[in-house]
$ cat data20.cif   # mmCIF, C-alpha atoms
data_work
#
loop_
_atom_site.group_PDB
_atom_site.id
_atom_site.type_symbol
_atom_site.label_atom_id
_atom_site.label_comp_id
_atom_site.auth_asym_id
_atom_site.auth_seq_id
_atom_site.Cartn_x
_atom_site.Cartn_y
_atom_site.Cartn_z
ATOM 1 C CA MET A 1 -23.018 -71.880 29.826
ATOM 2 C CA SER A 2 -20.163 -69.695 28.506
ATOM 3 C CA TYR A 3 -21.049 -66.450 26.735
ATOM 4 C CA ALA A 4 -18.652 -64.626 24.423
ATOM 5 C CA ILE A 5 -20.969 -61.602 24.133
ATOM 6 C CA GLN A 6 -23.184 -60.319 26.941
ATOM 7 C CA ALA A 7 -25.081 -57.045 26.837
ATOM 8 C CA GLU A 8 -27.741 -55.799 29.202
ATOM 9 C CA GLY A 9 -29.874 -52.681 28.914
ATOM 10 C CA LEU A 10 -27.811 -50.863 26.296
ATOM 11 C CA VAL A 11 -29.055 -47.334 25.665
ATOM 12 C CA LYS A 12 -27.688 -44.928 23.068
ATOM 13 C CA ARG A 13 -29.128 -41.589 22.030
ATOM 14 C CA PHE A 14 -28.095 -39.228 19.260
ATOM 15 C CA GLY A 15 -29.716 -35.945 20.147
ATOM 16 C CA GLU A 16 -33.448 -36.548 20.250
ATOM 17 C CA THR A 17 -33.112 -39.895 18.474
ATOM 18 C CA THR A 18 -32.934 -43.030 20.626
ATOM 19 C CA ALA A 19 -31.005 -45.655 18.671
ATOM 20 C CA LEU A 20 -30.981 -48.231 21.486
ATOM 21 C CA ALA A 21 -33.623 -48.294 24.198
ATOM 22 C CA GLY A 22 -32.462 -51.025 26.571
ATOM 23 C CA THR A 23 -31.050 -53.703 24.275
ATOM 24 C CA ASP A 24 -30.093 -57.115 25.672
ATOM 25 C CA LEU A 25 -27.946 -59.484 23.597
ATOM 26 C CA ALA A 26 -26.114 -62.705 24.376
ATOM 27 C CA ALA A 27 -24.044 -65.002 22.173
ATOM 28 C CA ARG A 28 -22.864 -68.389 23.359
ATOM 29 C CA GLN A 29 -19.212 -69.150 22.740
ATOM 30 C CA GLY A 30 -18.563 -70.810 19.383
ATOM 31 C CA THR A 31 -21.949 -69.948 17.859
ATOM 32 C CA VAL A 32 -23.495 -67.452 15.449
ATOM 33 C CA LEU A 33 -25.905 -64.888 16.872
ATOM 34 C CA GLY A 34 -28.028 -63.391 14.118
ATOM 35 C CA VAL A 35 -29.409 -59.909 14.790
ATOM 36 C CA LEU A 36 -32.365 -59.112 12.538
ATOM 37 C CA GLY A 37 -33.940 -55.731 12.031
ATOM 38 C CA HIS A 38 -34.997 -53.119 9.511
ATOM 39 C CA ASN A 39 -32.793 -50.144 8.659
ATOM 40 C CA GLY A 40 -32.697 -47.892 11.691
ATOM 41 C CA ALA A 41 -33.616 -50.667 14.131
ATOM 42 C CA GLY A 42 -30.356 -50.195 16.070
ATOM 43 C CA LYS A 43 -28.301 -53.139 14.821
ATOM 44 C CA THR A 44 -25.236 -51.173 13.729
ATOM 45 C CA THR A 45 -25.295 -49.004 16.856
ATOM 46 C CA ALA A 46 -25.237 -52.141 19.016
ATOM 47 C CA VAL A 47 -22.301 -53.547 17.032
ATOM 48 C CA ARG A 48 -20.357 -50.301 17.351
ATOM 49 C CA ILE A 49 -20.851 -50.303 21.115
ATOM 50 C CA LEU A 50 -19.791 -53.933 21.459
ATOM 51 C CA ALA A 51 -16.744 -53.222 19.280
ATOM 52 C CA THR A 52 -15.836 -50.234 21.533
ATOM 53 C CA LEU A 53 -16.369 -47.676 18.742
ATOM 54 C CA LEU A 54 -19.192 -46.000 20.682
ATOM 55 C CA ARG A 55 -19.825 -45.617 24.390
ATOM 56 C CA PRO A 56 -23.316 -46.483 25.584
ATOM 57 C CA ASP A 57 -25.298 -43.897 27.518
ATOM 58 C CA ALA A 58 -26.482 -46.669 29.824
ATOM 59 C CA GLY A 59 -26.229 -50.407 30.187
ATOM 60 C CA ARG A 60 -23.405 -52.919 30.433
ATOM 61 C CA ALA A 61 -21.628 -55.201 28.010
ATOM 62 C CA ARG A 62 -18.811 -57.721 28.043
ATOM 63 C CA VAL A 63 -17.069 -59.189 25.006
ATOM 64 C CA ALA A 64 -14.678 -62.129 25.310
ATOM 65 C CA GLY A 65 -14.915 -61.674 29.073
ATOM 66 C CA TYR A 66 -13.932 -57.975 29.131
ATOM 67 C CA ASP A 67 -16.015 -54.911 29.900
ATOM 68 C CA VAL A 68 -16.409 -52.692 26.823
ATOM 69 C CA ARG A 69 -16.310 -49.504 28.896
ATOM 70 C CA ARG A 70 -13.581 -50.256 31.408
ATOM 71 C CA GLN A 71 -11.369 -52.562 29.311
ATOM 72 C CA PRO A 72 -11.761 -51.447 25.677
ATOM 73 C CA ALA A 73 -8.146 -52.222 24.755
ATOM 74 C CA GLU A 74 -8.549 -55.833 25.900
ATOM 75 C CA VAL A 75 -11.767 -56.144 23.903
ATOM 76 C CA ARG A 76 -10.125 -54.785 20.756
ATOM 77 C CA ARG A 77 -7.308 -57.318 21.001
ATOM 78 C CA ARG A 78 -9.850 -60.121 20.789
ATOM 79 C CA ILE A 79 -12.305 -58.993 18.125
ATOM 80 C CA GLY A 80 -12.566 -58.573 14.387
ATOM 81 C CA LEU A 81 -15.028 -56.222 12.709
ATOM 82 C CA THR A 82 -16.366 -56.029 9.180
ATOM 83 C CA GLY A 83 -18.810 -53.226 8.430
ATOM 84 C CA GLN A 84 -21.538 -52.983 5.836
ATOM 85 C CA TYR A 85 -19.150 -51.822 3.130
ATOM 86 C CA ALA A 86 -15.605 -52.890 2.347
ATOM 87 C CA SER A 87 -13.157 -50.534 4.059
ATOM 88 C CA VAL A 88 -9.881 -51.632 2.484
ATOM 89 C CA ASP A 89 -7.455 -49.069 1.098
ATOM 90 C CA GLU A 90 -8.001 -49.269 -2.652
ATOM 91 C CA ASP A 91 -4.610 -47.680 -3.416
ATOM 92 C CA LEU A 92 -2.813 -50.594 -1.746
ATOM 93 C CA THR A 93 -2.466 -54.147 -2.993
ATOM 94 C CA GLY A 94 -4.141 -57.040 -1.256
ATOM 95 C CA THR A 95 -0.879 -57.977 0.425
ATOM 96 C CA GLU A 96 -0.138 -54.405 1.459
ATOM 97 C CA ASN A 97 -3.574 -54.011 3.038
ATOM 98 C CA LEU A 98 -3.178 -57.070 5.220
ATOM 99 C CA VAL A 99 0.469 -56.424 6.108
ATOM 100 C CA MET A 100 -0.418 -52.883 7.171
ATOM 101 C CA ILE A 101 -3.110 -54.149 9.533
ATOM 102 C CA ALA A 102 -0.843 -56.855 10.899
ATOM 103 C CA ARG A 103 1.881 -54.308 11.600
ATOM 104 C CA LEU A 104 -0.640 -52.006 13.320
ATOM 105 C CA LEU A 105 -1.520 -54.972 15.527
ATOM 106 C CA GLY A 106 2.136 -55.285 16.491
ATOM 107 C CA LEU A 107 3.230 -58.278 14.416
ATOM 108 C CA PRO A 108 6.902 -58.301 13.295
ATOM 109 C CA ARG A 109 7.371 -57.663 9.577
ATOM 110 C CA ALA A 110 8.139 -61.272 8.619
ATOM 111 C CA GLU A 111 5.218 -62.603 10.633
ATOM 112 C CA ALA A 112 2.928 -59.938 9.180
ATOM 113 C CA ARG A 113 3.810 -60.988 5.626
ATOM 114 C CA ALA A 114 3.329 -64.660 6.461
ATOM 115 C CA ARG A 115 -0.040 -63.932 8.044
ATOM 116 C CA ALA A 116 -1.109 -61.895 5.018
ATOM 117 C CA ALA A 117 -0.064 -64.644 2.603
ATOM 118 C CA GLY A 118 -1.954 -67.265 4.574
ATOM 119 C CA LEU A 119 -5.159 -65.231 4.631
ATOM 120 C CA LEU A 120 -4.934 -64.367 0.953
ATOM 121 C CA GLU A 121 -4.615 -68.053 0.146
ATOM 122 C CA ARG A 122 -7.482 -68.932 2.468
ATOM 123 C CA PHE A 123 -9.803 -66.428 0.773
ATOM 124 C CA GLY A 124 -8.761 -67.354 -2.757
ATOM 125 C CA LEU A 125 -6.944 -64.082 -3.394
ATOM 126 C CA THR A 126 -3.370 -65.281 -3.883
ATOM 127 C CA GLY A 127 -3.523 -64.615 -7.621
ATOM 128 C CA ALA A 128 -4.595 -61.024 -6.954
ATOM 129 C CA ALA A 129 -2.276 -60.402 -4.017
ATOM 130 C CA GLY A 130 -0.087 -57.971 -5.946
ATOM 131 C CA ARG A 131 -2.945 -56.032 -7.541
ATOM 132 C CA ARG A 132 -4.374 -52.834 -6.138
ATOM 133 C CA ALA A 133 -7.664 -53.332 -4.344
ATOM 134 C CA SER A 134 -9.231 -50.777 -6.685
ATOM 135 C CA ALA A 135 -8.981 -53.405 -9.434
ATOM 136 C CA TYR A 136 -10.830 -56.019 -7.366
ATOM 137 C CA SER A 137 -14.437 -56.953 -8.016
ATOM 138 C CA GLY A 138 -16.984 -56.218 -5.290
ATOM 139 C CA GLY A 139 -16.840 -59.805 -4.084
ATOM 140 C CA MET A 140 -13.042 -59.774 -4.000
ATOM 141 C CA ARG A 141 -12.986 -56.521 -2.006
ATOM 142 C CA ARG A 142 -15.440 -57.997 0.456
ATOM 143 C CA ARG A 143 -13.269 -61.108 0.836
ATOM 144 C CA LEU A 144 -10.228 -58.908 1.412
ATOM 145 C CA ASP A 145 -12.162 -56.915 3.990
ATOM 146 C CA LEU A 146 -13.138 -60.112 5.778
ATOM 147 C CA ALA A 147 -9.555 -61.334 5.660
ATOM 148 C CA ALA A 148 -8.477 -58.054 7.236
ATOM 149 C CA SER A 149 -10.843 -58.640 10.146
ATOM 150 C CA LEU A 150 -9.144 -61.989 10.829
ATOM 151 C CA VAL A 151 -5.535 -60.804 10.852
ATOM 152 C CA GLY A 152 -5.499 -60.708 14.651
ATOM 153 C CA ARG A 153 -7.034 -64.203 14.995
ATOM 154 C CA PRO A 154 -10.078 -62.823 16.832
ATOM 155 C CA GLU A 155 -12.122 -64.771 19.340
ATOM 156 C CA VAL A 156 -15.221 -62.745 18.472
ATOM 157 C CA ILE A 157 -16.130 -61.496 15.001
ATOM 158 C CA PHE A 158 -18.684 -58.780 14.301
ATOM 159 C CA LEU A 159 -20.149 -58.876 10.797
ATOM 160 C CA ASP A 160 -22.455 -55.944 10.125
ATOM 161 C CA GLU A 161 -24.566 -56.877 7.077
ATOM 162 C CA PRO A 162 -21.501 -58.463 5.429
ATOM 163 C CA THR A 163 -23.237 -59.551 2.213
ATOM 164 C CA THR A 164 -24.701 -56.146 1.339
ATOM 165 C CA GLY A 165 -24.221 -55.565 -2.392
ATOM 166 C CA LEU A 166 -22.824 -59.016 -3.123
ATOM 167 C CA ASP A 167 -24.076 -61.326 -5.842
ATOM 168 C CA PRO A 168 -25.149 -64.883 -4.885
ATOM 169 C CA ALA A 169 -21.654 -66.277 -5.475
ATOM 170 C CA GLY A 170 -20.081 -63.637 -3.252
ATOM 171 C CA ARG A 171 -22.713 -64.218 -0.602
ATOM 172 C CA ASP A 172 -21.991 -67.952 -0.611
ATOM 173 C CA GLU A 173 -18.287 -67.217 -0.112
ATOM 174 C CA VAL A 174 -19.067 -65.126 2.958
ATOM 175 C CA TRP A 175 -21.327 -67.831 4.338
ATOM 176 C CA ALA A 176 -18.571 -70.407 3.910
ATOM 177 C CA MET A 177 -16.156 -68.131 5.756
ATOM 178 C CA VAL A 178 -18.576 -67.694 8.660
ATOM 179 C CA ARG A 179 -19.079 -71.439 8.982
ATOM 180 C CA GLN A 180 -15.328 -72.043 8.886
ATOM 181 C CA GLN A 181 -14.624 -69.481 11.600
ATOM 182 C CA VAL A 182 -17.246 -70.973 13.899
ATOM 183 C CA ALA A 183 -15.904 -74.467 13.242
ATOM 184 C CA GLU A 184 -12.529 -73.184 14.430
ATOM 185 C CA GLY A 185 -14.026 -71.887 17.671
ATOM 186 C CA ALA A 186 -14.828 -68.240 16.966
ATOM 187 C CA THR A 187 -18.066 -66.554 18.005
ATOM 188 C CA VAL A 188 -19.847 -64.480 15.356
ATOM 189 C CA LEU A 189 -22.416 -61.728 15.745
ATOM 190 C CA LEU A 190 -24.045 -61.254 12.360
ATOM 191 C CA THR A 191 -26.448 -58.432 11.593
ATOM 192 C CA THR A 192 -28.569 -58.917 8.517
ATOM 193 C CA GLN A 193 -31.811 -58.046 6.784
ATOM 194 C CA TYR A 194 -31.664 -61.217 4.703
ATOM 195 C CA LEU A 195 -33.899 -63.829 6.277
ATOM 196 C CA GLN A 196 -32.348 -66.637 4.239
ATOM 197 C CA GLU A 197 -28.938 -65.656 5.569
ATOM 198 C CA ALA A 198 -30.085 -65.728 9.176
ATOM 199 C CA ASP A 199 -31.820 -69.068 8.676
ATOM 200 C CA ALA A 200 -28.728 -70.566 7.051
ATOM 201 C CA LEU A 201 -26.127 -69.359 9.547
ATOM 202 C CA ALA A 202 -27.541 -68.423 12.934
ATOM 203 C CA ASP A 203 -27.697 -70.713 15.942
ATOM 204 C CA ASP A 204 -29.711 -68.071 17.803
ATOM 205 C CA LEU A 205 -31.601 -64.996 16.645
ATOM 206 C CA ALA A 206 -32.473 -61.657 18.171
ATOM 207 C CA VAL A 207 -35.101 -59.555 16.408
ATOM 208 C CA VAL A 208 -34.527 -55.837 16.979
ATOM 209 C CA SER A 209 -37.120 -53.132 16.437
ATOM 210 C CA ARG A 210 -36.934 -49.497 17.530
ATOM 211 C CA GLY A 211 -33.848 -50.100 19.600
ATOM 212 C CA THR A 212 -35.072 -53.066 21.628
ATOM 213 C CA VAL A 213 -34.995 -56.833 21.236
ATOM 214 C CA ILE A 214 -38.607 -57.881 20.653
ATOM 215 C CA ALA A 215 -37.930 -61.627 20.282
ATOM 216 C CA ARG A 216 -35.099 -64.105 20.685
ATOM 217 C CA GLY A 217 -34.559 -67.818 20.196
ATOM 218 C CA THR A 218 -33.407 -70.352 17.633
ATOM 219 C CA PRO A 219 -34.779 -69.971 14.089
ATOM 220 C CA GLN A 220 -36.984 -73.029 14.605
ATOM 221 C CA ARG A 221 -38.285 -71.763 17.943
ATOM 222 C CA LEU A 222 -39.190 -68.376 16.520
ATOM 223 C CA LYS A 223 -40.978 -70.014 13.634
ATOM 224 C CA ALA A 224 -42.964 -72.200 15.997
ATOM 225 C CA VAL A 225 -43.909 -69.343 18.319
ATOM 226 C CA ALA A 226 -44.786 -66.916 15.556
ATOM 227 C CA GLY A 227 -47.119 -68.993 13.489
ATOM 228 C CA GLY A 228 -47.608 -72.671 14.229
ATOM 229 C CA GLN A 229 -47.783 -75.286 11.497
ATOM 230 C CA THR A 230 -49.383 -75.073 8.074
ATOM 231 C CA LEU A 231 -50.588 -77.961 5.923
ATOM 232 C CA GLN A 232 -50.188 -77.200 2.232
ATOM 233 C CA VAL A 233 -51.312 -79.165 -0.831
ATOM 234 C CA ARG A 234 -51.021 -78.872 -4.597
ATOM 235 C CA PRO A 235 -53.289 -81.297 -6.518
ATOM 236 C CA ALA A 236 -51.908 -82.746 -9.746
ATOM 237 C CA ASP A 237 -55.195 -81.751 -11.403
ATOM 238 C CA PRO A 238 -55.784 -78.028 -10.725
ATOM 239 C CA GLU A 239 -59.532 -78.520 -11.197
ATOM 240 C CA ARG A 240 -59.618 -80.607 -8.013
ATOM 241 C CA LEU A 241 -58.176 -77.783 -5.914
ATOM 242 C CA PRO A 242 -61.573 -76.791 -4.437
ATOM 243 C CA GLU A 243 -62.199 -80.392 -3.367
ATOM 244 C CA ALA A 244 -58.720 -80.649 -1.844
ATOM 245 C CA ALA A 245 -59.192 -77.340 -0.054
ATOM 246 C CA ALA A 246 -62.526 -78.491 1.351
ATOM 247 C CA LEU A 247 -60.866 -81.594 2.790
ATOM 248 C CA LEU A 248 -58.152 -79.498 4.426
ATOM 249 C CA GLU A 249 -60.797 -77.230 5.925
ATOM 250 C CA ARG A 250 -62.612 -80.219 7.463
ATOM 251 C CA ILE A 251 -59.326 -81.494 8.938
ATOM 252 C CA SER A 252 -58.241 -78.107 10.243
ATOM 253 C CA GLY A 253 -61.484 -76.423 11.177
ATOM 254 C CA HIS A 254 -60.137 -73.240 9.554
ATOM 255 C CA PRO A 255 -60.827 -71.722 6.132
ATOM 256 C CA ALA A 256 -58.233 -72.478 3.481
ATOM 257 C CA ALA A 257 -55.857 -69.891 2.094
ATOM 258 C CA PHE A 258 -54.441 -69.945 -1.420
ATOM 259 C CA PRO A 259 -50.819 -68.747 -1.166
ATOM 260 C CA GLY A 260 -49.943 -69.637 -4.763
ATOM 261 C CA GLN A 261 -51.481 -70.753 -8.015
ATOM 262 C CA GLY A 262 -52.916 -74.242 -7.609
ATOM 263 C CA VAL A 263 -52.010 -74.382 -3.887
ATOM 264 C CA ALA A 264 -54.228 -74.475 -0.804
ATOM 265 C CA SER A 265 -53.136 -74.329 2.835
ATOM 266 C CA VAL A 266 -54.643 -74.361 6.310
ATOM 267 C CA PRO A 267 -53.245 -73.881 9.820
ATOM 268 C CA VAL A 268 -53.073 -77.114 11.825
ATOM 269 C CA ALA A 269 -52.401 -77.950 15.446
ATOM 270 C CA GLY A 270 -50.310 -81.100 15.128
ATOM 271 C CA ASP A 271 -48.559 -83.673 12.961
ATOM 272 C CA GLY A 272 -51.609 -85.936 12.829
ATOM 273 C CA ALA A 273 -53.231 -83.676 10.245
ATOM 274 C CA LEU A 274 -50.729 -84.818 7.622
ATOM 275 C CA ALA A 275 -51.617 -88.504 7.951
ATOM 276 C CA GLU A 276 -55.319 -87.628 7.910
ATOM 277 C CA ALA A 277 -54.853 -85.615 4.728
ATOM 278 C CA VAL A 278 -52.926 -88.439 3.025
ATOM 279 C CA ALA A 279 -55.713 -90.887 3.828
ATOM 280 C CA GLY A 280 -58.389 -88.453 2.734
ATOM 281 C CA PHE A 281 -56.792 -87.719 -0.631
ATOM 282 C CA ALA A 282 -56.233 -91.430 -1.269
ATOM 283 C CA GLN A 283 -59.870 -92.211 -0.455
ATOM 284 C CA ARG A 284 -61.085 -89.551 -2.888
ATOM 285 C CA GLY A 285 -58.581 -90.415 -5.577
ATOM 286 C CA ILE A 286 -56.945 -86.973 -5.487
ATOM 287 C CA THR A 287 -53.362 -87.209 -6.733
ATOM 288 C CA VAL A 288 -51.099 -84.497 -5.315
ATOM 289 C CA THR A 289 -47.744 -83.225 -6.510
ATOM 290 C CA GLU A 290 -47.062 -81.433 -3.240
ATOM 291 C CA LEU A 291 -48.200 -82.118 0.307
ATOM 292 C CA ALA A 292 -46.233 -80.546 3.109
ATOM 293 C CA LEU A 293 -46.482 -79.754 6.796
ATOM 294 C CA ARG A 294 -44.323 -76.747 7.454
ATOM 295 C CA LEU A 295 -43.491 -74.056 9.936
ATOM 296 C CA PRO A 296 -43.784 -70.435 8.798
ATOM 297 C CA SER A 297 -40.843 -69.059 6.870
ATOM 298 C CA LEU A 298 -38.440 -66.753 8.658
ATOM 299 C CA ASP A 299 -39.729 -63.952 6.412
ATOM 300 C CA GLU A 300 -43.215 -64.496 7.841
ATOM 301 C CA VAL A 301 -41.809 -64.595 11.363
ATOM 302 C CA PHE A 302 -39.912 -61.366 10.841
ATOM 303 C CA ALA A 303 -42.965 -59.621 9.407
ATOM 304 C CA SER A 304 -45.168 -60.742 12.286
ATOM 305 C CA LEU A 305 -42.652 -59.859 15.016
ATOM 306 C CA ALA A 306 -41.059 -56.680 13.722
ATOM 307 C CA GLY A 307 -43.966 -55.307 11.767
ATOM 308 C CA ASP A 308 -45.652 -53.643 14.721
ATOM 309 C CA GLY A 309 -42.558 -53.264 16.905
ATOM 310 C CA GLN A 310 -44.261 -54.906 19.876
ATOM 311 C CA ARG A 311 -42.251 -56.958 22.341
ATOM 312 C CA THR A 312 -42.868 -60.689 21.983
ATOM 313 C CA ALA A 313 -41.865 -63.002 24.804
ATOM 314 C CA VAL A 314 -39.934 -65.861 23.260
ATOM 315 C CA PRO A 315 -37.810 -68.195 25.376
ATOM 316 C CA GLY A 316 -34.177 -68.207 24.379
ATOM 317 C CA PRO A 317 -30.648 -67.471 25.529
ATOM 318 C CA SER A 318 -30.189 -64.188 27.319
ATOM 319 C CA ALA A 319 -27.329 -62.612 29.155
ATOM 320 C CA PRO A 320 -27.199 -63.687 32.796
ATOM 321 C CA LYS A 321 -27.559 -60.623 35.023
ATOM 322 C CA GLU A 322 -24.687 -61.607 37.242
ATOM 323 C CA ALA A 323 -22.360 -61.872 34.251
ATOM 324 C CA THR A 324 -22.723 -58.220 33.321
ATOM 325 C CA ARG A 325 -22.073 -56.523 36.632
ATOM 326 C CA ALA A 326 -19.740 -53.596 36.369
#

$ encode --input "data20.cif" --output "structure tokens"
Amino acid sequence: MSYAIQAEGLVKRFGETTALAGTDLAARQGTVLGVLGHNGAGKTTAVRILATLLRPDAGRARVAGYDVRRQPAEVRRRIGLTGQYASVDEDLTGTENLVMIARLLGLPRAEARARAAGLLERFGLTGAAGRRASAYSGGMRRRLDLAASLVGRPEVIFLDEPTTGLDPAGRDEVWAMVRQQVAEGATVLLTTQYLQEADALADDLAVVSRGTVIARGTPQRLKAVAGGQTLQVRPADPERLPEAAALLERISGHPAAFPGQGVASVPVAGDGALAEAVAGFAQRGITVTELALRLPSLDEVFASLAGDGQRTAVPGPSAPKEATRA
């Protein structure tokens, strides 16, 4: 298996504060690794180390096959980085921002302008190319910032909470960009606090708390490990909810919960509970408008895993030890 990002035992301290306490991360080539965590969990510190903006106090990391300590220049040639807030120069136009970055990366002037024009078109900014970035909306500035991170055609893209402050339309634009980049072969490390975002984009997840990874795996695997399945019902007649709940309790062997108005749910061990519930409701003449067997939401997973900061052993991709030798 080929990894575009491999980190083992990253440690970073700022005075008496330990931002990273032995963080391991691994992203398979051509996938999205979602890194989840509360503010202060260590997500941004990890990104800054992997992007060669900080040196770790301990640990090893390779990005695009190059060691972040010993070969930082090679890493920088192969990555793009977008931080939590747009960092474009607001006194320059959209075109000028991208041309400046292209020139700093060593592109000839004509090629830099062609690259800028192509990215502006790709991000729907051609009509605003000649306007100063200060006149852009928040979503437009974020798109320009993302375009800037792609000027060098990076193999690996770091997106540190890229949808912070965006409205739903702007968020959807960022999501589309991420999917397009992965479809073209890039690897993306995405930090986020938005569980819907991680569920929508990530192939693999790492949950970070207090500077360590407490769980890793696919979204579906984390959901399965964190909570098991739940059988949920909403009777068409709300007055029959107690009867429906009693049936679920007999099937499950657990007391029912009532997560919403007119809804009852119970934990179940397998798919057979759904068929048993269907038969039971039909026999009793209980019409339902909703009957679902579901895994816990990613929000529930995140709360259960990160809430107490305890390490949870979850099978999933991890950086091979031999791949991160100095």

$ closest_residue --input "data20.cif" --among "A:Thr82, A:Ser134, A:Ser265, A:Thr23" --to "Ala51 in chain A" --atoms "only C-alpha atoms"
A:Thr82

$ residues_around --input "data20.cif" --residues "Ala58 in chain A" --least-positions-apart "3" --cutoff "7 Å" --atoms "only C-alpha atoms" --output "MDAnalysis selection string"
chainID A and resid 9:11

$ atom_distance --input "data20.cif" --atom1 "CA of Ala46 in chain A" --atom2 "CA of Glu90 in chain A"
27.8 Å

$ atom_distance --input "data20.cif" --atom1 "CA of Leu104 in chain A" --atom2 "CA of Ala7 in chain A"
28.4 Å

$ residues_near_point --input "data20.cif" --point "(-2.2, -53.1, 12.2)" --cutoff "12 Å" --atoms "all atoms listed in the file" --output "list in words"
Arg76, Arg77, Gly80, Glu96, Asn97, Leu98, Val99, Met100, Ile101, Ala102, Arg103, Leu104, Leu105, Gly106, Leu107, Pro108, Arg109, Ala112, Arg113, Arg115, Ala116, Ala148, Ser149, Leu150, Val151 and Gly152 of chain A

$ closest_residue --input "data20.cif" --among "A:Pro162, A:Gly34, A:Pro235, A:Pro219" --to "Leu189 in chain A" --atoms "only C-alpha atoms"
A:Gly34
